[in-house]
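Structure file input_21.cif (mmCIF, C-alpha atoms and all ligand atoms) follows.
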data_structure
#
loop_
_atom_site.label_atom_id
_atom_site.label_comp_id
_atom_site.auth_asym_id
_atom_site.auth_seq_id
_atom_site.Cartn_x
_atom_site.Cartn_y
_atom_site.Cartn_z
CA MET V 1 21.30 30.65 16.43
CA ALA V 2 19.27 27.51 17.12
CA ASP V 3 16.26 26.88 14.89
CA THR V 4 13.22 27.94 16.88
CA GLY V 5 10.75 26.50 14.39
CA VAL V 6 8.93 29.82 14.03
CA GLN V 7 8.87 29.67 10.24
CA ALA V 8 7.33 26.17 10.12
CA ARG V 9 4.76 27.16 12.72
CA ARG V 10 3.93 30.38 10.87
CA SER V 11 3.28 28.39 7.71
CA ALA V 12 1.14 25.87 9.60
CA VAL V 13 -0.94 28.73 11.02
CA TYR V 14 -1.26 30.30 7.57
CA MET V 15 -2.54 27.02 6.12
CA LEU V 16 -5.06 26.68 8.94
CA ASP V 17 -6.22 30.27 8.32
CA GLN V 18 -6.95 29.28 4.72
CA ILE V 19 -8.56 25.91 5.49
CA LEU V 20 -10.74 27.25 8.32
CA GLY V 21 -11.38 30.70 6.84
CA ASP V 22 -14.44 32.25 5.19
CA GLU V 23 -13.52 30.79 1.80
CA PRO V 24 -12.14 27.41 2.83
CA ARG V 25 -9.37 25.83 0.76
CA LEU V 26 -8.19 22.22 0.76
CA MET V 27 -4.65 21.59 1.95
CA SER V 28 -3.88 19.81 -1.34
CA GLU V 29 -4.80 23.02 -3.23
CA LEU V 30 -2.58 25.10 -0.97
CA LEU V 31 0.35 22.71 -1.41
CA ALA V 32 -0.15 22.54 -5.18
CA GLY V 33 -0.18 26.36 -5.17
CA GLY V 34 3.30 26.32 -3.59
CA VAL V 35 2.38 27.50 -0.10
CA LEU V 36 5.42 25.75 1.44
CA ASP V 37 7.80 25.93 -1.53
CA LYS V 38 10.03 28.62 0.01
CA LEU V 39 10.72 26.60 3.16
CA PRO V 40 13.67 24.20 3.52
CA PRO V 41 12.55 20.52 3.29
CA ASP V 42 12.59 19.90 7.06
CA ASP V 43 10.44 22.96 7.80
CA ARG V 44 8.09 22.03 4.96
CA ALA V 45 7.49 18.60 6.48
CA ARG V 46 7.15 20.11 9.95
CA ALA V 47 4.64 22.76 8.85
CA GLN V 48 2.50 20.18 7.10
CA ARG V 49 2.66 17.80 10.05
CA LEU V 50 1.67 20.58 12.49
CA ALA V 51 -1.30 21.63 10.35
CA VAL V 52 -2.48 18.02 9.94
CA GLU V 53 -2.10 17.20 13.65
CA THR V 54 -3.92 20.41 14.61
CA LEU V 55 -6.85 19.60 12.30
CA ARG V 56 -7.05 16.07 13.72
CA GLY V 57 -7.12 17.41 17.28
CA LEU V 58 -9.07 20.62 16.59
CA GLU V 59 -12.07 19.76 18.75
CA ARG V 60 -9.86 18.79 21.69
CA ALA V 61 -7.74 21.92 21.34
CA ASP V 62 -10.83 24.15 21.24
CA ARG V 63 -12.27 22.48 24.33
CA LEU V 64 -9.10 23.15 26.31
CA LEU V 65 -8.74 26.69 25.00
CA GLN V 66 -12.30 27.77 25.75
CA LYS V 67 -11.57 27.52 29.47
CA HIS V 68 -8.90 30.20 29.11
CA LEU V 69 -10.57 32.61 26.68
CA ASN V 70 -13.27 35.09 27.65
CA LYS V 71 -13.99 35.97 24.03
CA GLN V 72 -12.88 34.56 20.69
CA PRO V 73 -9.67 36.18 19.39
CA PRO V 74 -9.17 36.66 15.62
CA LEU V 75 -8.84 33.46 13.55
CA THR V 76 -5.06 33.71 13.20
CA ILE V 77 -4.59 33.93 16.98
CA ARG V 78 -7.04 31.05 17.47
CA ASN V 79 -4.94 29.00 15.07
CA VAL V 80 -1.71 30.00 16.82
CA LEU V 81 -3.24 28.83 20.09
CA ARG V 82 -4.57 25.64 18.51
CA VAL V 83 -1.19 24.67 17.03
CA GLY V 84 0.52 25.50 20.34
CA THR V 85 -2.05 23.50 22.32
CA VAL V 86 -1.71 20.43 20.09
CA GLU V 87 2.07 20.60 20.33
CA LEU V 88 2.05 21.03 24.10
CA CYS V 89 -0.45 18.23 24.63
CA GLN V 90 1.47 15.86 22.39
CA GLY V 91 4.73 16.18 24.31
CA GLY V 92 6.21 19.43 22.95
CA ALA V 93 8.64 21.17 25.34
CA ALA V 94 6.71 24.00 27.04
CA HIS V 95 9.47 26.60 26.86
CA GLY V 96 10.20 26.06 23.16
CA VAL V 97 6.58 25.93 22.03
CA VAL V 98 5.42 28.97 24.02
CA ASN V 99 8.42 31.08 22.98
CA ALA V 100 8.02 30.20 19.32
CA MET V 101 4.33 31.04 19.35
CA VAL V 102 4.85 34.34 21.19
CA ASN V 103 7.63 35.28 18.71
CA LEU V 104 5.33 34.41 15.85
CA VAL V 105 2.60 36.72 17.18
CA SER V 106 5.11 39.49 18.07
CA SER V 107 6.29 39.64 14.48
CA HIS V 108 2.75 39.86 13.07
CA ASN V 109 1.93 43.27 11.56
CA LYS V 110 -1.55 43.60 12.98
CA LEU V 111 -1.74 41.12 15.85
CA SER V 112 1.44 41.76 17.85
CA HIS V 113 -0.60 43.35 20.64
CA LEU V 114 -1.98 39.85 21.38
CA LYS V 115 1.38 38.36 22.31
CA GLY V 116 0.59 38.74 26.02
CA LEU V 117 -2.64 36.79 25.61
CA THR V 118 -0.82 34.12 23.61
CA ASN V 119 1.83 33.81 26.29
CA ALA V 120 -0.66 33.64 29.16
CA VAL V 121 -2.99 31.11 27.54
CA LEU V 122 -0.26 28.78 26.32
CA ARG V 123 1.45 28.82 29.69
CA LYS V 124 -1.77 27.66 31.31
CA ILE V 125 -2.19 24.97 28.65
CA ALA V 126 1.38 23.83 29.26
CA THR V 127 0.49 23.28 32.90
CA ASP V 128 -2.91 21.62 32.79
CA GLY V 129 -3.39 20.77 29.09
CA PRO V 130 -1.67 17.42 28.59
CA GLU V 131 -3.62 15.57 31.30
CA ALA V 132 -6.96 17.08 30.27
CA TRP V 133 -6.23 16.35 26.59
CA ALA V 134 -5.78 12.65 27.21
CA ALA V 135 -9.17 12.43 28.94
CA LEU V 136 -11.14 14.00 26.06
CA ARG V 137 -13.12 11.96 23.51
CA ALA V 138 -11.83 11.40 19.98
CA PRO V 139 -12.77 14.52 18.00
CA ARG V 140 -16.08 14.32 16.17
CA LEU V 141 -16.68 15.14 12.55
CA PRO V 142 -18.66 18.30 11.79
CA LYS V 143 -22.43 17.76 11.81
CA TRP V 144 -22.96 18.08 8.05
CA LEU V 145 -20.98 14.87 7.53
CA ARG V 146 -21.54 13.12 10.82
CA GLY V 147 -25.32 12.96 10.29
CA PRO V 148 -25.26 11.08 6.96
CA LEU V 149 -22.50 8.75 8.16
CA ILE V 150 -24.40 7.82 11.32
CA GLU V 151 -27.45 7.20 9.18
CA ALA V 152 -25.41 4.86 6.96
CA TRP V 153 -23.32 2.98 9.51
CA GLY V 154 -24.78 3.65 12.97
CA PRO V 155 -23.39 5.52 16.01
CA ASP V 156 -20.95 2.81 17.15
CA ALA V 157 -19.29 2.57 13.73
CA MET V 158 -19.17 6.39 13.59
CA ALA V 159 -17.36 6.52 16.93
CA ALA V 160 -14.91 3.83 15.74
CA MET V 161 -14.28 5.76 12.52
CA GLU V 162 -13.67 8.97 14.47
CA THR V 163 -11.17 7.12 16.66
CA ALA V 164 -9.46 5.92 13.47
CA HIS V 165 -9.41 9.45 12.02
CA PHE V 166 -7.78 10.78 15.18
CA ALA V 167 -5.17 8.00 15.11
CA GLY V 168 -4.00 9.06 11.64
CA ALA V 169 -2.45 6.72 9.11
CA PRO V 170 0.83 4.91 8.55
CA LEU V 171 2.71 5.05 5.24
CA ASP V 172 1.59 2.30 2.85
CA LEU V 173 3.63 1.19 -0.14
CA THR V 174 2.89 -0.97 -3.17
CA ALA V 175 5.84 -2.93 -4.55
CA LYS V 176 6.55 -2.94 -8.25
CA GLY V 177 7.92 -6.45 -7.80
CA ASP V 178 8.36 -8.65 -4.74
CA ALA V 179 6.47 -7.19 -1.75
CA LYS V 180 8.32 -9.38 0.76
CA ALA V 181 11.68 -8.08 -0.45
CA LEU V 182 10.33 -4.52 -0.25
CA ALA V 183 9.21 -5.03 3.37
CA ALA V 184 12.76 -6.10 4.22
CA LEU V 185 14.27 -3.20 2.27
CA VAL V 186 12.25 -0.46 4.00
CA GLY V 187 11.85 -2.17 7.38
CA GLY V 188 8.08 -2.39 6.96
CA THR V 189 5.39 -4.97 7.64
CA LEU V 190 3.91 -7.04 4.84
CA LEU V 191 0.11 -6.98 5.18
CA GLU V 192 -1.99 -9.92 4.04
CA THR V 193 -3.25 -8.01 1.01
CA GLY V 194 0.35 -7.43 -0.20
CA THR V 195 0.78 -3.82 0.93
CA VAL V 196 3.95 -2.92 2.81
CA ARG V 197 3.21 -0.77 5.85
CA VAL V 198 5.81 1.55 7.40
CA GLU V 199 5.32 3.17 10.81
CA ASN V 200 6.92 6.53 11.58
CA ALA V 201 8.30 6.94 8.08
CA GLY V 202 10.53 9.91 7.33
CA GLN V 203 10.74 11.76 4.04
CA VAL V 204 9.40 9.47 1.31
CA SER V 205 11.85 10.53 -1.40
CA THR V 206 14.86 9.57 0.72
CA MET V 207 13.61 6.07 1.57
CA PRO V 208 15.42 3.06 0.10
CA GLY V 209 14.18 2.02 -3.32
CA PHE V 210 12.33 5.29 -4.08
CA ALA V 211 14.89 6.67 -6.52
CA GLU V 212 15.16 3.22 -8.12
CA GLY V 213 11.38 3.16 -8.67
CA GLU V 214 10.82 -0.02 -6.69
CA TRP V 215 7.57 1.15 -5.07
CA TRP V 216 4.96 3.86 -4.84
CA VAL V 217 2.85 5.25 -2.01
CA GLN V 218 -0.67 3.78 -1.97
CA ASP V 219 -3.03 3.12 0.91
CA ALA V 220 -3.72 -0.57 1.53
CA ALA V 221 -7.42 -0.12 0.68
CA ALA V 222 -6.61 1.76 -2.53
CA ALA V 223 -4.50 -1.20 -3.71
CA ILE V 224 -7.44 -3.63 -3.55
CA PRO V 225 -9.47 -2.51 -6.64
CA VAL V 226 -6.73 -3.61 -9.04
CA GLN V 227 -6.40 -6.91 -7.15
CA VAL V 228 -10.14 -7.41 -7.64
CA LEU V 229 -9.80 -6.61 -11.35
CA ALA V 230 -6.95 -9.18 -11.50
CA PRO V 231 -5.37 -7.91 -14.74
CA GLN V 232 -3.72 -10.56 -16.92
CA THR V 233 -0.60 -10.17 -19.06
CA GLY V 234 -1.48 -8.71 -22.45
CA GLU V 235 -5.09 -7.83 -21.62
CA THR V 236 -6.29 -4.43 -22.76
CA VAL V 237 -7.24 -2.50 -19.63
CA LEU V 238 -8.79 0.97 -19.58
CA ASP V 239 -7.97 2.95 -16.45
CA LEU V 240 -10.59 5.70 -16.20
CA CYS V 241 -9.93 8.64 -13.84
CA ALA V 242 -6.34 7.54 -13.47
CA ALA V 243 -4.42 10.39 -11.91
CA PRO V 244 -2.07 10.47 -10.07
CA GLY V 245 -1.61 6.91 -11.28
CA GLY V 246 -1.31 4.55 -8.31
CA LYS V 247 -3.64 2.05 -9.93
CA THR V 248 -2.19 2.67 -13.41
CA MET V 249 1.18 1.52 -12.08
CA GLN V 250 -0.36 -1.59 -10.50
CA LEU V 251 -2.08 -2.47 -13.80
CA ALA V 252 1.09 -1.89 -15.85
CA ALA V 253 3.21 -3.85 -13.35
CA ALA V 254 0.85 -6.82 -13.86
CA GLY V 255 1.69 -6.79 -17.57
CA ALA V 256 -1.58 -5.37 -18.90
CA GLU V 257 -1.73 -3.06 -21.92
CA VAL V 258 -3.00 -0.02 -20.09
CA THR V 259 -4.75 3.08 -21.42
CA ALA V 260 -4.91 5.66 -18.64
CA VAL V 261 -7.42 8.52 -18.92
CA ASP V 262 -7.86 11.61 -16.77
CA SER V 263 -9.45 14.96 -17.55
CA SER V 264 -6.97 17.02 -15.52
CA VAL V 265 -3.90 18.28 -17.40
CA PRO V 266 -1.67 18.83 -14.31
CA ARG V 267 -2.74 15.55 -12.74
CA MET V 268 -1.98 13.67 -15.95
CA VAL V 269 1.53 15.15 -15.85
CA ARG V 270 1.89 13.42 -12.48
CA VAL V 271 0.77 10.10 -13.97
CA LYS V 272 3.50 10.38 -16.59
CA GLU V 273 6.12 11.37 -13.99
CA ASN V 274 5.11 8.47 -11.76
CA LEU V 275 5.23 5.95 -14.61
CA ALA V 276 8.66 7.26 -15.65
CA ARG V 277 10.02 6.99 -12.09
CA VAL V 278 9.02 3.35 -11.73
CA GLY V 279 9.92 2.43 -15.32
CA LEU V 280 6.46 1.27 -16.38
CA THR V 281 4.49 2.19 -19.48
CA ALA V 282 0.89 3.03 -20.26
CA LYS V 283 -0.84 4.94 -23.03
CA THR V 284 -2.12 8.22 -21.58
CA LEU V 285 -5.12 10.26 -22.73
CA THR V 286 -5.98 13.62 -21.20
CA LYS V 287 -9.71 13.91 -21.79
CA ASP V 288 -13.11 13.48 -20.22
CA ALA V 289 -13.70 9.78 -19.59
CA ARG V 290 -17.17 10.15 -21.12
CA ALA V 291 -15.54 10.97 -24.49
CA VAL V 292 -13.33 7.87 -24.64
CA LYS V 293 -13.90 5.45 -27.51
CA GLY V 294 -12.75 1.87 -28.03
CA SER V 295 -13.24 -1.64 -26.72
CA PHE V 296 -11.41 -3.19 -23.76
CA ASP V 297 -11.07 -6.54 -21.97
CA ALA V 298 -11.35 -4.90 -18.57
CA ILE V 299 -11.99 -1.43 -17.16
CA LEU V 300 -11.11 0.17 -13.86
CA LEU V 301 -13.26 3.18 -12.96
CA ASP V 302 -11.92 4.98 -9.89
CA ALA V 303 -14.54 7.68 -10.03
CA PRO V 304 -14.17 11.21 -8.62
CA CYS V 305 -16.02 11.34 -5.30
CA SER V 306 -16.33 13.06 -1.93
CA ALA V 307 -13.03 11.43 -0.82
CA THR V 308 -14.60 10.98 2.62
CA GLY V 309 -12.76 7.65 2.93
CA THR V 310 -9.43 9.47 3.10
CA MET V 311 -10.11 11.78 6.06
CA ARG V 312 -7.56 10.12 8.36
CA ARG V 313 -4.91 11.28 5.86
CA HIS V 314 -6.74 14.49 4.92
CA PRO V 315 -8.32 15.92 8.08
CA ASP V 316 -8.86 19.25 6.29
CA LEU V 317 -11.64 17.76 4.17
CA PRO V 318 -14.53 17.98 6.68
CA TYR V 319 -13.65 21.65 7.30
CA ALA V 320 -12.85 22.76 3.75
CA LYS V 321 -15.95 21.07 2.27
CA ASP V 322 -19.62 21.28 3.11
CA GLY V 323 -21.06 18.56 0.89
CA SER V 324 -22.63 21.03 -1.55
CA GLU V 325 -20.83 19.55 -4.57
CA PHE V 326 -21.43 15.88 -3.72
CA GLY V 327 -24.73 15.74 -5.66
CA ASP V 328 -22.94 16.62 -8.92
CA LEU V 329 -20.27 14.00 -8.23
CA ILE V 330 -22.89 11.31 -7.60
CA GLU V 331 -24.55 12.16 -10.92
CA LEU V 332 -21.19 12.08 -12.72
CA GLN V 333 -20.38 8.66 -11.21
CA GLY V 334 -23.54 7.21 -12.78
CA GLU V 335 -22.69 8.74 -16.16
CA LEU V 336 -19.16 7.36 -15.98
CA ILE V 337 -20.42 3.84 -15.22
CA ASP V 338 -22.85 4.03 -18.15
CA HIS V 339 -20.21 5.23 -20.60
CA ALA V 340 -17.60 2.74 -19.37
CA TRP V 341 -20.14 -0.03 -19.94
CA THR V 342 -20.27 0.86 -23.67
CA LEU V 343 -16.47 0.39 -23.88
CA LEU V 344 -16.40 -3.07 -22.29
CA LYS V 345 -16.17 -6.21 -24.44
CA PRO V 346 -18.85 -8.88 -23.89
CA GLY V 347 -17.69 -11.10 -21.02
CA GLY V 348 -15.46 -8.29 -19.73
CA ARG V 349 -15.35 -6.84 -16.23
CA LEU V 350 -15.65 -3.33 -14.89
CA VAL V 351 -14.32 -2.58 -11.43
CA PHE V 352 -16.06 0.49 -10.04
CA CYS V 353 -14.57 2.07 -6.95
CA THR V 354 -14.65 5.27 -4.91
CA CYS V 355 -12.68 6.39 -1.83
CA SER V 356 -15.96 7.37 -0.19
CA LEU V 357 -17.83 6.42 2.95
CA LEU V 358 -21.18 7.51 1.52
CA PRO V 359 -23.40 4.67 0.21
CA ASP V 360 -24.70 7.04 -2.52
CA GLU V 361 -21.22 6.85 -4.04
CA GLY V 362 -20.93 3.06 -3.67
CA GLU V 363 -23.65 0.59 -2.79
CA VAL V 364 -26.44 2.77 -4.26
CA GLN V 365 -24.51 3.42 -7.49
CA VAL V 366 -24.19 -0.33 -8.09
CA ASP V 367 -27.83 -1.04 -7.19
CA GLU V 368 -28.95 1.61 -9.66
CA ALA V 369 -26.50 0.54 -12.40
CA LEU V 370 -27.85 -3.02 -12.15
CA GLU V 371 -31.36 -1.65 -12.76
CA ARG V 372 -30.19 0.31 -15.82
CA HIS V 373 -28.16 -2.49 -17.47
CA GLU V 374 -29.77 -5.86 -18.13
CA ASP V 375 -26.44 -7.36 -19.22
CA MET V 376 -24.72 -6.43 -15.91
CA THR V 377 -24.15 -8.82 -12.99
CA VAL V 378 -22.07 -8.51 -9.85
CA ASP V 379 -19.07 -10.83 -9.53
CA ARG V 380 -18.76 -11.60 -5.80
CA ASP V 381 -16.04 -14.20 -6.32
CA ALA V 382 -13.69 -11.51 -7.62
CA LEU V 383 -13.72 -10.00 -4.10
CA ARG V 384 -12.35 -13.13 -2.45
CA ARG V 385 -8.71 -12.08 -2.08
CA ASP V 386 -6.06 -12.73 0.56
CA GLY V 387 -6.69 -10.49 3.54
CA VAL V 388 -10.19 -9.46 2.41
CA SER V 389 -12.78 -10.44 5.02
CA GLU V 390 -16.14 -11.99 4.00
CA ASP V 391 -17.70 -9.58 6.50
CA TRP V 392 -16.81 -6.67 4.26
CA ILE V 393 -18.95 -7.96 1.35
CA THR V 394 -22.23 -6.05 1.06
CA SER V 395 -25.74 -7.24 0.18
CA GLU V 396 -25.48 -6.12 -3.46
CA GLY V 397 -22.08 -7.83 -3.78
CA GLY V 398 -19.59 -4.99 -3.38
CA LEU V 399 -16.80 -4.53 -0.87
CA ARG V 400 -17.21 -1.93 1.85
CA LEU V 401 -13.95 -0.85 3.46
CA ARG V 402 -13.90 1.55 6.41
CA PRO V 403 -11.16 3.40 8.32
CA ASP V 404 -11.98 1.50 11.53
CA PHE V 405 -11.22 -1.87 9.91
CA TRP V 406 -7.82 -3.39 10.77
CA ALA V 407 -7.76 -1.07 13.81
CA ASP V 408 -5.02 -3.11 15.48
CA GLN V 409 -2.84 -2.95 12.37
CA GLY V 410 -3.10 0.78 11.70
CA GLY V 411 -6.41 0.93 9.81
CA MET V 412 -7.16 1.51 6.15
CA ASP V 413 -8.82 4.21 4.06
CA GLY V 414 -12.54 3.97 3.42
CA PHE V 415 -13.36 2.56 -0.02
CA TYR V 416 -16.13 0.94 -2.00
CA ILE V 417 -15.27 -1.62 -4.69
CA ALA V 418 -17.48 -3.73 -6.94
CA CYS V 419 -16.68 -5.99 -9.92
CA LEU V 420 -19.38 -5.82 -12.60
CA ARG V 421 -19.52 -8.53 -15.33
CA LYS V 422 -20.91 -7.96 -18.80
CA ALA V 423 -22.87 -10.84 -20.30
CA GLY V 424 -20.80 -12.73 -22.93
C1 LIG V 501 -10.03 9.36 -7.18
S1 LIG V 501 -9.06 10.23 -8.28
C2 LIG V 501 -8.27 8.92 -9.15
C3 LIG V 501 -7.12 8.25 -8.42
C4 LIG V 501 -6.33 7.33 -9.32
N1 LIG V 501 -7.15 6.32 -9.93
C5 LIG V 501 -5.18 6.64 -8.60
O1 LIG V 501 -5.28 5.49 -8.23
O2 LIG V 501 -4.12 7.28 -8.42
C6 LIG V 501 -10.25 10.77 -9.44
C7 LIG V 501 -9.70 11.39 -10.70
O3 LIG V 501 -10.80 11.62 -11.60
C8 LIG V 501 -10.44 12.68 -12.45
N2 LIG V 501 -11.67 13.11 -13.13
C9 LIG V 501 -12.70 13.83 -12.63
N3 LIG V 501 -13.68 13.95 -13.54
C10 LIG V 501 -13.27 13.28 -14.64
C11 LIG V 501 -13.84 13.03 -15.91
N4 LIG V 501 -15.05 13.49 -16.25
N5 LIG V 501 -13.13 12.30 -16.82
C12 LIG V 501 -11.89 11.85 -16.49
N6 LIG V 501 -11.31 12.04 -15.30
C13 LIG V 501 -11.99 12.74 -14.38
C14 LIG V 501 -9.78 13.68 -11.54
O4 LIG V 501 -8.95 14.55 -12.24
C15 LIG V 501 -9.02 12.74 -10.57
O5 LIG V 501 -7.68 12.63 -10.98
#
What does the file become when written as structure tokens?
Amino acid sequence: MADTGVQARRSAVYMLDQILGDEPRLMSELLAGGVLDKLPPDDRARAQRLAVETLRGLERADRLLQKHLNKQPPLTIRNVLRVGTVELCQGGAAHGVVNAMVNLVSSHNKLSHLKGLTNAVLRKIATDGPEAWAALRAPRLPKWLRGPLIEAWGPDAMAAMETAHFAGAPLDLTAKGDAKALAALVGGTLLETGTVRVENAGQVSTMPGFAEGEWWVQDAAAAIPVQVLAPQTGETVLDLCAAPGGKTMQLAAAGAEVTAVDSSVPRMVRVKENLARVGLTAKTLTKDARAVKGSFDAILLDAPCSATGTMRRHPDLPYAKDGSEFGDLIELQGELIDHAWTLLKPGGRLVFCTCSLLPDEGEVQVDEALERHEDMTVDRDALRRDGVSEDWITSEGGLRLRPDFWADQGGMDGFYIACLRKAG
């Protein structure tokens, strides 16, 4: 019998039930908990793609669906309809999508009586949905996050960022060696900053050079902090908050003597696995960065943060979070900067970065750190790298990267990066 895709769709709906439910979970937590482990690899990829695409287009899907619903059905049926709507409006074959969704509902213990509704609504969407979909605005972020981001960057930038979130993200790779050779190997584009960008990539682990450890996945923006740090062969470099190790691998590939620290046991296992796959070495310490001792030539602090810069890759974040834990993270970031400063040799440099769009986790952190530390200055010259625009340099001397930058090349994650020099 032909694969009807019911299993992948059922798993996508289950993930959406969890992410959008009363006790919201992040997709990364669900995946780490093995939510898709029982599916064959193709279905796993399909389920994840369907859930991600549905979250990206959630507002559009809900707008189309509200025309056909007199009252809100239970969350699972809403998610069935949302997944079906997104598929239908993005070119899915009407017959296949509607049948799969009706089968999915028919086999549900408690909701099978809603198969008629599912059938009727999705048939209407199949008829008038695709044209209406294309005319709708790019989905907006939920208010709790939209407000602070408009305050920080203004309404036009917000709209551009929402367009970038809806567009999603290509696959970005960092080469262990020659980036030009990697671009040729994987059929990607070499960006000015040295990242290799691949459009419409398939399964990562089957791509050329993966098994040989010739590259790792890393967003173009996330590769810039290590370039700003500019590690030299033989320098002692402390990589604080290192897991899963993208920047650790960059530092080690540059020939630095790297000590990588992360407080998470399972995430540190991933650092070790990643280093082993690419054949690079670093000393690893699983502990709180605030308990680290020693003295280093250079330090990279990729602090835990809201991760709001990564929403084009993680569209679950604005739904699974509500900002309530951001205050604690902002406080921790300040503590981490202060402790890292005690570990830096005179004349050394600390690169502080976060994958956040909130100034409190970037520009404001640096402003406040400069007030606390008389021996700290900002090194603007360190930011002048190939592909890095002068326009991205902020008043206090950091680098502000946003998802709407490089829009014609596929965008980049949001990041903040600053290089802080200690007096010699
Ligand atoms: C943004 S991620 C780091 C990404 C990593 N640098 C990379 O490039 O792959 C932040 C990390 O900080 C770690 N973390 C959170 N609080 C920490 C603490 N107090 N000490 C050390 N690591 C911490 C988390 O476990 C998480 O792995």
Which residues sit within 10 Å of ligand LIG 501 (chain V), counting all atoms listed in the file, listed as a PyMOL selection string? chain V and resi 217-219+222-223+225-226+239-250+260-268+270-271+274+285-292+300-307+329+332-333+335-336+353-356
Write out as a list in words the residues lying within 8 Å of Ala418 (chain V), counting all atoms listed in the file and excluding same-chain residues fewer than 6 positions away.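 In the requested form, the answer reads Val351, Phe352, Cys353, Val366, Val378, Asp379, Leu383, Gly397, Gly398 and Leu399 of chain V.
All polymer residues at most 10 Å from (13.8, -1.4, -7.3), using only C-alpha atoms, appear as V:Ala175, V:Lys176, V:Gly177, V:Asp178, V:Ala181, V:Leu182, V:Leu185, V:Pro208, V:Gly209, V:Phe210, V:Ala211, V:Glu212, V:Gly213, V:Glu214, V:Trp215, V:Val278, V:Gly279.
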How would the residues just chosen look if you wrote them out with C-alpha atoms as an mmCIF file, in the coordinates of the input?
data_model
loop_
_atom_site.group_PDB
_atom_site.id
_atom_site.type_symbol
_atom_site.label_atom_id
_atom_site.label_comp_id
_atom_site.auth_asym_id
_atom_site.auth_seq_id
_atom_site.Cartn_x
_atom_site.Cartn_y
_atom_site.Cartn_z
ATOM 1 C CA ALA V 175 5.840 -2.930 -4.550
ATOM 2 C CA LYS V 176 6.550 -2.940 -8.250
ATOM 3 C CA GLY V 177 7.920 -6.450 -7.800
ATOM 4 C CA ASP V 178 8.360 -8.650 -4.740
ATOM 5 C CA ALA V 181 11.680 -8.080 -0.450
ATOM 6 C CA LEU V 182 10.330 -4.520 -0.250
ATOM 7 C CA LEU V 185 14.270 -3.200 2.270
ATOM 8 C CA PRO V 208 15.420 3.060 0.100
ATOM 9 C CA GLY V 209 14.180 2.020 -3.320
ATOM 10 C CA PHE V 210 12.330 5.290 -4.080
ATOM 11 C CA ALA V 211 14.890 6.670 -6.520
ATOM 12 C CA GLU V 212 15.160 3.220 -8.120
ATOM 13 C CA GLY V 213 11.380 3.160 -8.670
ATOM 14 C CA GLU V 214 10.820 -0.020 -6.690
ATOM 15 C CA TRP V 215 7.570 1.150 -5.070
ATOM 16 C CA VAL V 278 9.020 3.350 -11.730
ATOM 17 C CA GLY V 279 9.920 2.430 -15.320
#
Taking every listed atom of region 34-48 of chain V and adding 5 Å to each side, what centre and edge lengths in Å (one decimal) does the axis-aligned box have, as lines of an AutoDock Vina configuration file?
center_x = 8.0
center_y = 23.6
center_z = 3.2
size_x = 21.3
size_y = 20.0
size_z = 23.5
Could you give me, as number ranges by chain, the residues within 8 Å of Leu145 (chain V), counting only C-alpha atoms and dropping anything in the same chain fewer than 6 positions from it? V: 318, 322-323
Give as a ChimeraX atom specification every residue, naming chains and numbers as the document does, that has an atom within 10 Å of (-1.3, 17.5, 18.0), counting only C-alpha atoms. /V:49-58,60-61,82-92,133,166
So what do you get for CA of Arg146 (chain V) versus CA of Leu357 (chain V), distance-wise?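 One can read the CA of Arg146 (chain V) to CA of Leu357 (chain V) distance as 11.0 Å.
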Write out as a PDB file with C-alpha atoms, in the frame of the given file each polymer residue whose atoms come within 8 Å of Gly387 (chain V), counting all atoms listed in the file; drop sequence neighbours fewer than 3 positions from it.
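Contents of the output file selection-v8.pdb:
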ATOM      1  CA  LEU V 191       0.110  -6.980   5.180  1.00  0.00           C
ATOM      2  CA  GLU V 192      -1.990  -9.920   4.040  1.00  0.00           C
ATOM      3  CA  THR V 193      -3.250  -8.010   1.010  1.00  0.00           C
TER       4      THR V 193
END
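Across the structure, CA of Ala169 (chain V) and CA of Gln409 (chain V) are spaced 10.2 Å apart.
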Test item: residues at most 9 Å from His68 (chain V), all atoms listed in the file, excluding those fewer than 5 positions along its chain, as an MDAnalysis selection string: chainID V and resid 120:121 124:125
Report, in Å with one decimal, the straight-line distance from CA of Val198 (chain V) to CA of Ala220 (chain V).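 So the two atoms, CA of Val198 (chain V) and CA of Ala220 (chain V), lie 11.4 Å apart.
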With distances taken over only C-alpha atoms, which of V:Glu257, V:Asp316, V:Asp404, V:Asp156 is nearest to Leu16 (chain V)?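 Of V:Glu257, V:Asp316, V:Asp404, V:Asp156, the one nearest Leu16 (chain V), counting only C-alpha atoms, is V:Asp316.
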Some atoms are missing, so please complete region 145-149 of chain V with N, CA and C atoms and return it as an mmCIF file, keeping the file's coordinate frame.
data_model
loop_
_atom_site.group_PDB
_atom_site.id
_atom_site.type_symbol
_atom_site.label_atom_id
_atom_site.label_comp_id
_atom_site.auth_asym_id
_atom_site.auth_seq_id
_atom_site.Cartn_x
_atom_site.Cartn_y
_atom_site.Cartn_z
ATOM 1 N N LEU V 145 -21.461 16.168 8.016
ATOM 2 C CA LEU V 145 -20.980 14.870 7.530
ATOM 3 C C LEU V 145 -21.305 13.754 8.517
ATOM 4 N N ARG V 146 -21.299 14.113 9.786
ATOM 5 C CA ARG V 146 -21.540 13.120 10.820
ATOM 6 C C ARG V 146 -22.950 12.528 10.681
ATOM 7 N N GLY V 147 -23.928 13.402 10.403
ATOM 8 C CA GLY V 147 -25.320 12.960 10.290
ATOM 9 C C GLY V 147 -25.476 11.846 9.250
ATOM 10 N N PRO V 148 -25.107 12.117 7.985
ATOM 11 C CA PRO V 148 -25.260 11.080 6.960
ATOM 12 C C PRO V 148 -24.460 9.800 7.257
ATOM 13 N N LEU V 149 -23.302 9.950 7.887
ATOM 14 C CA LEU V 149 -22.500 8.750 8.160
ATOM 15 C C LEU V 149 -23.104 7.913 9.286
#
